[in-house]
$ cat work-v8.txt   # compact mmCIF, C-alpha atoms
# COMPACT_ATOMS: atom_id res chain seq x y z
CA MET K 44 -55.21 -75.27 4.59
CA ARG K 45 -54.00 -72.22 6.46
CA PRO K 46 -56.27 -69.22 6.73
CA PRO K 47 -55.65 -66.54 4.09
CA GLY K 48 -52.98 -64.01 5.11
CA HIS K 49 -50.91 -66.55 6.96
CA ARG K 50 -48.91 -67.30 3.85
CA ASP K 51 -47.40 -63.81 3.38
CA ARG K 52 -46.92 -63.07 7.03
CA ALA K 53 -43.13 -63.46 6.65
CA THR K 54 -42.91 -60.84 3.89
CA SER K 55 -43.82 -58.04 6.24
CA PRO K 56 -40.31 -57.54 7.81
CA VAL K 57 -38.73 -57.86 4.36
CA VAL K 58 -40.94 -55.12 2.94
CA GLY K 59 -40.34 -52.99 6.00
CA LYS K 60 -36.58 -53.26 5.85
CA ALA K 61 -36.59 -52.68 2.10
CA LEU K 62 -38.66 -49.53 2.59
CA GLU K 63 -36.32 -48.26 5.30
CA ALA K 64 -33.21 -49.03 3.30
CA GLY K 65 -34.71 -47.42 0.21
CA LEU K 66 -35.61 -44.29 2.12
CA VAL K 67 -32.16 -43.97 3.62
CA VAL K 68 -30.46 -44.58 0.27
CA LEU K 69 -32.73 -42.00 -1.35
CA PHE K 70 -31.97 -39.52 1.40
CA VAL K 71 -28.23 -40.01 1.25
CA GLY K 72 -28.30 -39.72 -2.53
CA LEU K 73 -30.33 -36.55 -2.41
CA LEU K 74 -28.12 -34.98 0.27
CA THR K 75 -24.92 -35.92 -1.54
CA SER K 76 -26.09 -34.59 -4.86
CA THR K 77 -27.24 -31.33 -3.29
CA LEU K 78 -24.00 -30.87 -1.42
CA PHE K 79 -21.62 -31.84 -4.19
CA GLY K 80 -23.67 -30.54 -7.08
CA ASN K 81 -24.34 -27.14 -5.68
CA VAL K 82 -23.16 -26.15 -2.22
CA VAL K 83 -19.61 -27.46 -2.17
CA PRO K 84 -18.54 -26.12 -5.61
CA ALA K 85 -19.95 -22.71 -4.73
CA TYR K 86 -17.96 -22.67 -1.50
CA ARG K 87 -14.90 -23.93 -3.29
CA ALA K 88 -15.13 -21.15 -5.82
CA ALA K 89 -15.76 -18.56 -3.10
CA ALA K 90 -12.77 -19.78 -1.10
CA GLY K 91 -10.71 -19.90 -4.27
CA GLN K 92 -11.68 -16.34 -5.13
CA GLU K 93 -10.66 -15.13 -1.67
CA LEU K 94 -7.39 -17.02 -1.91
CA ALA K 95 -6.74 -15.65 -5.39
CA GLU K 96 -7.27 -12.07 -4.19
CA ARG K 97 -4.96 -12.63 -1.27
CA THR K 98 -2.36 -14.30 -3.44
CA VAL K 99 -2.32 -11.42 -5.90
CA ALA K 100 -2.24 -8.79 -3.14
CA GLY K 101 0.57 -10.58 -1.31
CA ALA K 102 2.56 -11.22 -4.47
CA ALA K 103 2.24 -7.59 -5.59
CA ASP K 104 3.42 -6.47 -2.16
CA ARG K 105 6.43 -8.75 -2.37
CA ILE K 106 7.28 -7.60 -5.88
CA GLU K 107 7.01 -3.93 -4.95
CA GLY K 108 9.06 -4.55 -1.82
CA SER K 109 11.88 -6.05 -3.89
CA VAL K 110 12.58 -2.81 -5.73
CA PRO K 111 15.66 -1.46 -3.94
CA PRO K 112 16.08 2.17 -2.98
CA ASP K 113 17.48 4.45 -5.65
CA ALA K 114 20.91 3.03 -6.34
CA ARG K 115 23.27 2.97 -9.29
CA ASP K 116 23.69 -0.75 -9.53
CA ALA K 117 21.70 -3.20 -7.47
CA THR K 118 20.42 -6.68 -8.07
CA VAL K 119 17.72 -8.22 -5.95
CA ARG K 120 16.57 -11.81 -6.11
CA ARG K 121 13.78 -12.92 -3.89
CA ARG K 122 11.65 -16.03 -3.51
CA VAL K 123 7.92 -15.60 -3.19
CA ASP K 124 5.57 -18.06 -1.57
CA LEU K 125 2.48 -18.85 -3.57
CA PRO K 126 -0.15 -21.48 -2.86
CA ASP K 127 0.44 -24.60 -4.99
CA THR K 128 -3.14 -24.76 -6.16
CA ILE K 129 -6.23 -22.61 -5.87
CA ALA K 130 -9.51 -24.53 -5.66
CA GLY K 131 -7.58 -27.66 -6.54
CA ALA K 132 -6.27 -26.40 -9.86
CA ALA K 133 -3.01 -24.99 -11.14
CA TYR K 134 -2.99 -21.34 -12.08
CA ARG K 135 -0.75 -18.67 -13.51
CA VAL K 136 0.23 -15.20 -12.31
CA ARG K 137 1.33 -12.90 -15.11
CA VAL K 138 2.24 -9.28 -15.65
CA ASP K 139 0.06 -7.31 -18.01
CA GLY K 140 1.48 -3.84 -18.48
CA ARG K 141 1.49 -2.42 -14.95
CA TRP K 142 -1.03 -4.96 -13.67
CA LEU K 143 -0.53 -8.27 -11.95
CA VAL K 144 -3.18 -10.72 -13.17
CA LEU K 145 -4.08 -14.18 -11.89
CA ASP K 146 -5.40 -16.62 -14.50
CA HIS K 147 -7.35 -19.62 -13.28
CA PRO K 148 -9.12 -22.35 -15.28
CA ASP K 149 -12.29 -21.70 -13.27
CA PRO K 150 -13.88 -18.56 -14.76
CA ARG K 151 -15.37 -17.66 -11.39
CA ILE K 152 -11.88 -17.17 -9.94
CA GLU K 153 -10.00 -14.11 -11.09
CA ALA K 154 -7.95 -11.42 -9.44
CA SER K 155 -5.78 -8.55 -10.55
CA THR K 156 -4.14 -5.52 -9.04
CA ARG K 157 -2.24 -2.51 -10.29
CA PHE K 158 1.39 -2.19 -9.29
CA ALA K 159 2.51 0.80 -7.28
CA PHE K 160 6.11 1.15 -8.38
CA PRO K 161 8.26 4.24 -8.09
CA ASP K 162 8.44 6.11 -11.38
CA ARG K 163 12.04 5.11 -11.96
CA VAL K 164 11.12 1.43 -12.53
CA ALA K 165 11.71 0.90 -16.25
CA SER K 166 9.71 -2.22 -16.93
CA VAL K 167 8.14 -5.25 -15.31
CA ARG K 168 7.50 -8.55 -17.05
CA GLY K 169 7.36 -12.29 -16.56
CA THR K 170 5.01 -15.05 -15.53
CA TRP K 171 4.72 -17.37 -12.59
CA GLU K 172 3.32 -20.88 -12.93
CA SER K 173 1.97 -22.33 -9.72
CA GLY K 174 3.93 -25.21 -8.25
CA GLY K 175 7.27 -23.84 -9.45
CA GLU K 176 9.73 -21.80 -7.47
CA PRO K 177 8.52 -18.28 -8.07
CA THR K 178 11.25 -15.69 -7.78
CA VAL K 179 11.35 -12.01 -8.51
CA THR K 180 14.54 -10.51 -9.86
CA VAL K 181 15.31 -6.80 -10.03
CA ARG K 182 18.23 -5.75 -12.20
CA SER K 183 19.54 -2.29 -12.86
CA ALA K 184 19.35 -1.14 -16.45
CA ASP K 185 20.30 2.15 -18.05
CA ASP K 186 16.82 3.58 -17.76
CA GLY K 187 16.00 2.20 -14.32
CA PRO K 188 15.38 -1.09 -12.52
CA VAL K 189 13.83 -3.95 -14.50
CA VAL K 190 11.58 -6.34 -12.59
CA VAL K 191 11.32 -9.90 -13.91
CA LEU K 192 9.17 -12.72 -12.56
CA ARG K 193 10.45 -16.26 -13.06
CA SER K 194 9.25 -19.62 -11.85
CA MET Z 101 -48.43 -55.95 7.79
CA SER Z 102 -48.60 -52.59 9.53
CA ARG Z 103 -47.56 -54.15 12.78
CA ALA Z 104 -43.99 -54.65 11.55
CA GLN Z 105 -43.57 -51.12 10.12
CA ALA Z 106 -43.32 -49.56 13.57
CA ASN Z 107 -39.74 -48.37 12.94
CA LEU Z 108 -40.58 -46.53 9.69
CA PRO Z 109 -41.64 -43.41 11.65
CA ALA Z 110 -38.39 -43.69 13.59
CA VAL Z 111 -36.43 -43.67 10.31
CA ALA Z 112 -38.44 -40.65 9.14
CA VAL Z 113 -37.67 -38.78 12.36
CA ALA Z 114 -33.98 -39.66 12.03
CA LEU Z 115 -33.93 -38.37 8.46
CA VAL Z 116 -35.63 -35.14 9.49
CA LEU Z 117 -33.01 -34.70 12.21
CA LEU Z 118 -30.20 -35.40 9.76
CA THR Z 119 -31.63 -32.94 7.25
CA SER Z 120 -31.88 -30.20 9.82
CA THR Z 121 -28.32 -30.91 10.99
CA ALA Z 122 -27.07 -30.68 7.41
CA GLY Z 123 -29.00 -27.46 6.88
CA LEU Z 124 -27.61 -26.01 10.09
CA SER Z 125 -24.05 -26.94 9.07
CA VAL Z 126 -24.48 -25.26 5.69
CA ALA Z 127 -25.86 -22.16 7.41
CA LEU Z 128 -22.89 -22.14 9.80
CA ALA Z 129 -20.46 -22.53 6.91
CA ASP Z 130 -22.20 -19.64 5.17
CA ALA Z 131 -21.78 -17.46 8.24
CA ALA Z 132 -18.13 -18.46 8.50
CA PHE Z 133 -17.58 -17.54 4.85
CA ALA Z 134 -19.31 -14.21 5.30
CA GLY Z 135 -17.12 -13.55 8.34
CA ALA Z 136 -13.94 -14.41 6.46
CA ASP Z 137 -14.81 -12.23 3.50
CA ARG Z 138 -12.11 -9.56 3.60
CA ASP Z 139 -11.16 -7.31 0.78
CA PRO Z 140 -7.39 -7.67 0.53
CA ALA Z 141 -7.38 -5.58 -2.64
CA ASP Z 142 -8.61 -2.47 -0.81
CA ARG Z 143 -6.07 -2.93 1.96
CA ARG Z 144 -3.27 -3.46 -0.51
CA VAL Z 145 -4.15 -0.35 -2.50
CA ALA Z 146 -4.45 1.72 0.69
CA ASP Z 147 -1.11 0.40 1.91
CA ALA Z 148 0.62 0.95 -1.42
CA LEU Z 149 -0.85 4.43 -1.83
CA SER Z 150 0.18 5.53 1.65
CA ASP Z 151 3.62 4.10 1.01
CA ARG Z 152 3.93 6.01 -2.28
CA LEU Z 153 2.67 9.20 -0.64
CA VAL Z 154 5.44 9.33 1.93
CA THR Z 155 8.32 7.92 -0.09
CA GLU Z 156 11.33 10.10 -0.74
CA SER Z 157 10.82 10.36 -4.49
CA SER Z 158 7.19 11.36 -4.19
CA SER Z 159 6.05 14.79 -5.30
CA THR Z 160 4.33 15.25 -1.95
CA THR Z 161 7.37 14.94 0.29
CA ARG Z 162 10.44 16.95 1.13
CA ARG Z 163 12.28 13.87 2.28
CA ALA Z 164 11.18 10.40 3.31
CA ASN Z 165 8.14 10.56 5.59
CA VAL Z 166 8.12 14.38 5.66
CA LEU Z 167 5.20 15.81 3.74
CA ARG Z 168 5.16 19.26 2.29
CA GLU Z 169 2.34 21.21 3.83
CA ASP Z 170 0.68 22.19 0.59
CA ALA Z 171 1.33 18.86 -1.11
CA LEU Z 172 -1.79 17.07 -0.04
CA SER Z 173 -4.15 19.60 -1.53
CA LEU Z 174 -3.98 17.43 -4.62
CA THR Z 175 -6.76 17.35 -7.12
CA PRO Z 176 -8.16 13.89 -7.80
CA ALA Z 177 -6.76 14.11 -11.33
CA ALA Z 178 -3.28 14.87 -10.00
CA LEU Z 179 -3.61 11.98 -7.58
CA ASP Z 180 -4.39 9.62 -10.45
CA ARG Z 181 -1.49 10.96 -12.48
CA SER Z 182 1.12 10.78 -9.74
CA PHE Z 183 -0.21 7.66 -8.04
CA PRO Z 184 -1.69 5.35 -10.68
CA VAL Z 185 -2.39 2.72 -8.05
CA ALA Z 186 -5.35 4.82 -6.87
CA ARG Z 187 -7.01 4.85 -10.29
CA GLY Z 188 -10.52 3.48 -10.28
CA HIS Z 189 -10.80 3.43 -6.50
CA GLU Z 190 -12.70 5.65 -4.16
CA VAL Z 191 -10.09 7.38 -2.05
CA ARG Z 192 -10.06 9.64 0.97
CA LEU Z 193 -6.94 11.21 2.47
CA GLU Z 194 -7.13 12.60 5.95
CA LEU Z 195 -4.50 14.54 7.83
CA ASN Z 196 -5.14 14.68 11.56
CA GLY Z 197 -8.77 13.80 10.97
CA ALA Z 198 -9.40 16.58 8.47
CA THR Z 199 -10.20 15.44 4.96
CA VAL Z 200 -7.71 16.83 2.48
CA LEU Z 201 -8.82 14.87 -0.55
CA GLU Z 202 -11.90 12.85 -1.29
CA ARG Z 203 -12.80 11.17 -4.49
CA GLY Z 204 -16.03 9.22 -4.69
CA ASP Z 205 -17.61 8.29 -1.44
CA PRO Z 206 -15.61 5.60 0.29
CA ILE Z 207 -17.89 3.90 2.76
CA GLY Z 208 -15.99 1.42 4.86
CA GLY Z 209 -13.15 0.07 2.81
CA ALA Z 210 -9.68 -0.27 4.26
CA THR Z 211 -7.87 2.48 6.13
CA VAL Z 212 -4.13 2.69 6.63
CA ARG Z 213 -2.82 5.19 9.15
CA ARG Z 214 0.72 6.49 9.27
CA VAL Z 215 2.49 8.90 11.53
CA VAL Z 216 4.19 11.48 9.35
CA LEU Z 217 5.83 14.86 9.71
CA VAL Z 218 4.33 17.84 7.97
CA ALA Z 219 6.89 20.47 7.06
CA ARG Z 220 6.01 24.11 6.73
CA GLN Z 221 8.66 26.41 5.35
CA GLN Z 222 8.72 30.01 6.50
CA ALA Z 223 10.75 32.93 5.31
CA VAL Z 224 12.12 35.03 8.15
CA THR Z 225 13.85 38.31 7.41
CA LEU Z 226 16.01 40.03 9.95
CA THR Z 227 18.42 42.90 10.14
CA PRO Z 228 21.19 41.51 12.30
CA THR Z 229 23.21 43.40 14.83
CA LEU Z 230 26.68 42.88 13.45
CA ASP Z 231 28.85 42.36 16.46
CA ARG Z 232 32.45 42.27 15.19
CA ASN Z 233 31.07 41.94 11.66
CA ALA Z 234 29.48 38.56 12.41
CA THR Z 235 26.09 37.17 13.15
CA THR Z 236 24.59 33.78 13.93
CA ILE Z 237 21.49 32.61 12.12
CA PRO Z 238 19.05 31.72 14.89
CA ARG Z 239 17.55 28.66 13.17
CA ARG Z 240 18.95 26.02 10.90
CA THR Z 241 18.20 26.47 7.25
CA ARG Z 242 19.13 25.20 3.83
CA ARG Z 243 19.80 28.60 2.31
CA VAL Z 244 20.15 32.22 3.25
CA THR Z 245 19.39 35.24 1.11
CA LEU Z 246 21.73 38.12 1.83
CA GLU Z 247 20.80 41.64 0.92
CA ILE Z 248 23.95 43.71 1.07
CA GLY Z 249 23.10 47.35 0.73
CA PRO Z 250 25.40 50.23 -0.04
CA SER Z 251 27.19 51.53 3.02
CA ASN Z 252 30.42 53.14 3.98
CA ALA Z 253 32.16 49.78 4.23
CA THR Z 254 33.08 47.48 1.36
CA VAL Z 255 32.20 43.83 1.93
CA ARG Z 256 34.74 41.66 0.13
CA THR Z 257 34.12 38.20 1.53
CA VAL Z 258 31.32 36.41 3.37
CA ARG Z 259 32.18 33.29 5.32
CA ALA Z 260 29.73 30.76 6.69
CA ASN Z 261 31.42 28.92 9.55
CA ASP Z 262 34.82 29.94 8.13
CA ARG Z 263 33.97 28.58 4.68
CA ILE Z 264 34.04 31.28 2.02
CA VAL Z 265 30.63 31.46 0.37
CA LEU Z 266 30.83 34.84 -1.34
CA HIS Z 267 33.83 36.76 -2.52
CA ASP Z 268 34.31 39.79 -4.70
CA PRO Z 269 37.48 41.93 -4.35
CA SER Z 270 35.68 44.98 -5.69
CA GLY Z 271 32.93 44.70 -3.10
CA LEU Z 272 29.72 42.74 -2.76
CA ASN Z 273 26.56 44.63 -3.38
CA GLY Z 274 23.03 43.37 -4.01
CA SER Z 275 21.14 40.16 -3.31
CA TYR Z 276 22.86 36.81 -2.97
CA ASP Z 277 21.55 33.30 -2.36
CA VAL Z 278 23.85 31.19 -0.22
CA ARG Z 279 23.47 27.46 0.31
CA VAL Z 280 24.36 26.41 3.82
CA SER Z 281 24.27 23.16 5.71
CA ARG Z 282 21.02 22.16 7.32
CA PHE Z 283 22.94 20.18 9.91
CA GLU Z 284 24.84 22.90 11.75
CA THR Z 285 24.20 26.31 13.15
CA VAL Z 286 25.56 28.86 10.73
CA ARG Z 287 27.64 31.87 11.77
CA LEU Z 288 28.11 34.40 9.01
CA ARG Z 289 31.19 36.61 9.09
CA PHE Z 290 31.67 39.59 6.83
CA GLU Z 291 35.17 40.68 5.92
CA THR Z 292 35.21 44.38 5.31
CA ASP Z 293 37.63 47.22 5.27
CA ARG Z 294 35.90 48.91 8.20
CA PRO Z 295 33.16 47.86 10.67
CA LEU Z 296 29.73 47.38 9.09
CA ALA Z 297 26.92 49.50 10.36
CA ARG Z 298 23.71 47.89 11.50
CA GLY Z 299 21.21 47.85 8.67
CA SER Z 300 23.73 47.51 5.88
CA VAL Z 301 23.02 43.76 5.68
CA GLU Z 302 19.62 42.15 5.70
CA LEU Z 303 19.26 38.42 5.69
CA THR Z 304 16.38 36.08 5.02
CA TYR Z 305 16.47 32.48 6.11
CA TYR Z 306 14.02 29.68 5.59
CA PRO Z 307 13.52 27.54 8.66
CA THR Z 308 11.31 24.50 8.39
CA VAL Z 309 8.75 23.88 11.08
CA THR Z 310 7.67 20.26 11.25
CA SER Z 311 4.74 18.91 13.18
CA LYS Z 312 3.61 15.37 13.71
CA ALA Z 313 0.42 14.30 12.03
CA THR Z 314 -1.51 11.15 11.26
CA LEU Z 315 -2.06 10.47 7.60
CA ALA Z 316 -5.08 8.21 7.04
CA VAL Z 317 -5.60 6.70 3.62
CA THR Z 318 -8.98 5.10 3.03
CA VAL Z 319 -9.59 3.09 -0.11
CA ASP Z 320 -12.85 1.53 -1.17
CA ALA Z 321 -13.24 -0.52 -4.32
$ encode --input "work-v8.txt" --output "structure tokens"
Amino acid sequence: MRPPGHRDRATSPVVGKALEAGLVVLFVGLLTSTLFGNVVPAYRAAAGQELAERTVAGAADRIEGSVPPDARDATVRRRVDLPDTIAGAAYRVRVDGRWLVLDHPDPRIEASTRFAFPDRVASVRGTWESGGEPTVTVRSADDGPVVVLRS
Amino acid sequence: MSRAQANLPAVAVALVLLTSTAGLSVALADAAFAGADRDPADRRVADALSDRLVTESSSTTRRANVLREDALSLTPAALDRSFPVARGHEVRLELNGATVLERGDPIGGATVRRVVLVARQQAVTLTPTLDRNATTIPRRTRRVTLEIGPSNATVRTVRANDRIVLHDPSGLNGSYDVRVSRFETVRLRFETDRPLARGSVELTYYPTVTSKATLAVTVDA
């Protein structure tokens, strides 16, 4: 007969390792869930919001810059660079009256700006889908240039 | 059993270190985000508004990039009407550092500065000495107002640089507005039946004095 305690002497490293492994797994799980459940999406949305604002501001600048000086008959066609995705999702840039509005599936991401066209611009319309080939076309009409967005 | 758990404290210390590293990284990322937080909308509106203000078709300019002197004393309501892009923003316009228009109280925001010309139109009246019935307008001008008074001579024709601008066989008398070229010095010649006396013609011209100025447009959301 061995003295008591000698029998479970070999369990001690097993328990120790299991404890350590459990702790590390718990820690990694906790850290991952905090980062990906909270911190990363918030940053993603913040970065997406910044990008959306910049996209709208840049696009509006490009659209306004495509309107040619006062001329009888002029046609302008210009490609515009837009990011393919914002915060990993497709989006849409559309004209609403005299506003340029960015629609994004994430409700935290939104951006819009008012156009600053010369008074002679007759109308502006159209929509850009991300991932296409966004172009802005300016045609002369009887009552002034017409600005159309196509993708 | 406790003898073999000697590396549990080591694991705990490692985890504490990892946690603090993660926390530090998140804090650094936060700082980076705060540093990258620009407001492109403000800058765009300021840029677009300054562009609209100096464009040729604007109500504030005489020609592209030349502002009328009185034009910038706009009321905020007139600014909104003529420049819809400024609606809903706090705006300040400065000309050479002096505020000419302020709506709201833009603190910070984006400022766009442009070098512009400010044109001031004067009216100068002079009674020219008519040497051989002709006189040269000392400054360039778009138009001249001639006041031809009654005198012993009958003025039939007025030529500006040999181009006939006024003609009346029975004699010119009264006030006439004559458009002349802004791009050349104008010499007016009066064709009369006898030499004109000094004082029988008075002319007013409208030279433009332009001065350089910095137009600063500040826009805050």
$ closest_residue --input "work-v8.txt" --among "Z:Asn107, Z:Thr121, Z:Thr175, Z:Thr236" --to "Thr285 in chain Z" --atoms "only C-alpha atoms"
Z:Thr236
$ closest_atom_pairs --input "work-v8.txt" --of "chain K" --to "chain Z" --cutoff "7 Å" --atoms "all atoms listed in the file" --output "CSV"
residue,atom,partner,partner_atom,distance
K:Ser55,CA,Z:Met101,CA,5.3
K:Pro56,CA,Z:Ala104,CA,6.0
K:Gly59,CA,Z:Gln105,CA,5.6
K:Glu63,CA,Z:Leu108,CA,6.4
K:Glu96,CA,Z:Pro140,CA,6.5
K:Arg97,CA,Z:Pro140,CA,5.8
K:Ala100,CA,Z:Arg144,CA,6.0
K:Arg157,CA,Z:Val185,CA,5.7
K:Phe158,CA,Z:Val185,CA,6.3
K:Ala159,CA,Z:Val185,CA,5.3
$ atom_distance --input "work-v8.txt" --atom1 "CA of Asp170 in chain Z" --atom2 "CA of Asp205 in chain Z"
23.1 Å
$ atom_distance --input "work-v8.txt" --atom1 "CA of Ser194 in chain K" --atom2 "CA of Gln92 in chain K"
22.2 Å
$ residues_around --input "work-v8.txt" --residues "Arg168 in chain K" --least-positions-apart "5" --cutoff "8 Å" --atoms "all atoms listed in the file" --output "PyMOL selection string"
chain K and resi 137-140+190-192
$ residues_near_point --input "work-v8.txt" --point "(3.4, 11.2, 7.8)" --cutoff "8 Å" --atoms "all atoms listed in the file" --output "PDB file with C-alpha atoms, keeping the file's coordinate frame"
ATOM      1  CA  VAL Z 154       5.440   9.330   1.930  1.00  0.00           C
ATOM      2  CA  ASN Z 165       8.140  10.560   5.590  1.00  0.00           C
ATOM      3  CA  VAL Z 166       8.120  14.380   5.660  1.00  0.00           C
ATOM      4  CA  LEU Z 167       5.200  15.810   3.740  1.00  0.00           C
ATOM      5  CA  ARG Z 214       0.720   6.490   9.270  1.00  0.00           C
ATOM      6  CA  VAL Z 215       2.490   8.900  11.530  1.00  0.00           C
ATOM      7  CA  VAL Z 216       4.190  11.480   9.350  1.00  0.00           C
ATOM      8  CA  LEU Z 217       5.830  14.860   9.710  1.00  0.00           C
ATOM      9  CA  VAL Z 218       4.330  17.840   7.970  1.00  0.00           C
ATOM     10  CA  LYS Z 312       3.610  15.370  13.710  1.00  0.00           C
ATOM     11  CA  ALA Z 313       0.420  14.300  12.030  1.00  0.00           C
ATOM     12  CA  THR Z 314      -1.510  11.150  11.260  1.00  0.00           C
ATOM     13  CA  LEU Z 315      -2.060  10.470   7.600  1.00  0.00           C
TER      14      LEU Z 315
END
$ atom_distance --input "work-v8.txt" --atom1 "CA of Ala210 in chain Z" --atom2 "CA of His147 in chain K"
26.2 Å
$ closest_residue --input "work-v8.txt" --among "Z:Glu194, Z:Asp180, Z:Asp320, Z:Glu284" --to "Asn261 in chain Z" --atoms "all atoms listed in the file"
Z:Glu284
$ closest_residue --input "work-v8.txt" --among "Z:Ala234, Z:Ile207, Z:Leu195, Z:Val301" --to "Pro250 in chain Z" --atoms "all atoms listed in the file"
Z:Val301
$ residues_around --input "work-v8.txt" --residues "Ser275 in chain Z" --least-positions-apart "6" --cutoff "7 Å" --atoms "all atoms listed in the file" --output "PDB file with C-alpha atoms, in the frame of the given file"
ATOM      1  CA  THR Z 245      19.390  35.240   1.110  1.00  0.00           C
ATOM      2  CA  LEU Z 246      21.730  38.120   1.830  1.00  0.00           C
ATOM      3  CA  GLU Z 247      20.800  41.640   0.920  1.00  0.00           C
ATOM      4  CA  ILE Z 248      23.950  43.710   1.070  1.00  0.00           C
TER       5      ILE Z 248
END
$ closest_residue --input "work-v8.txt" --among "K:Gly174, K:Asp124, K:Val71, K:Ala88" --to "Pro148 in chain K" --atoms "all atoms listed in the file"
K:Ala88
$ decode --input "work-v8.txt" --residues "range 253-274 of chain Z" --atoms "C-alpha atoms" --output "compact mmCIF listing (two decimals), in the first residue's frame"
# COMPACT_ATOMS: atom_id res chain seq x y z
CA ALA Z 253 -20.11 126.83 -82.33
CA THR Z 254 -22.36 124.05 -83.56
CA VAL Z 255 -21.10 120.55 -82.78
CA ARG Z 256 -22.22 118.20 -85.54
CA THR Z 257 -20.17 115.07 -84.94
CA VAL Z 258 -18.21 113.55 -82.06
CA ARG Z 259 -15.59 110.95 -82.87
CA ALA Z 260 -13.91 108.63 -80.42
CA ASN Z 261 -10.61 107.51 -81.93
CA ASP Z 262 -11.96 108.39 -85.40
CA ARG Z 263 -15.10 106.32 -84.89
CA ILE Z 264 -18.25 108.40 -85.08
CA VAL Z 265 -20.15 108.05 -81.81
CA LEU Z 266 -22.51 111.02 -82.03
CA HIS Z 267 -23.84 112.81 -85.05
CA ASP Z 268 -26.57 115.36 -85.59
CA PRO Z 269 -26.44 117.69 -88.64
CA SER Z 270 -28.52 120.29 -86.84
CA GLY Z 271 -26.14 120.41 -83.90
CA LEU Z 272 -25.63 118.38 -80.75
CA ASN Z 273 -26.86 119.94 -77.58
CA GLY Z 274 -27.47 118.38 -74.16
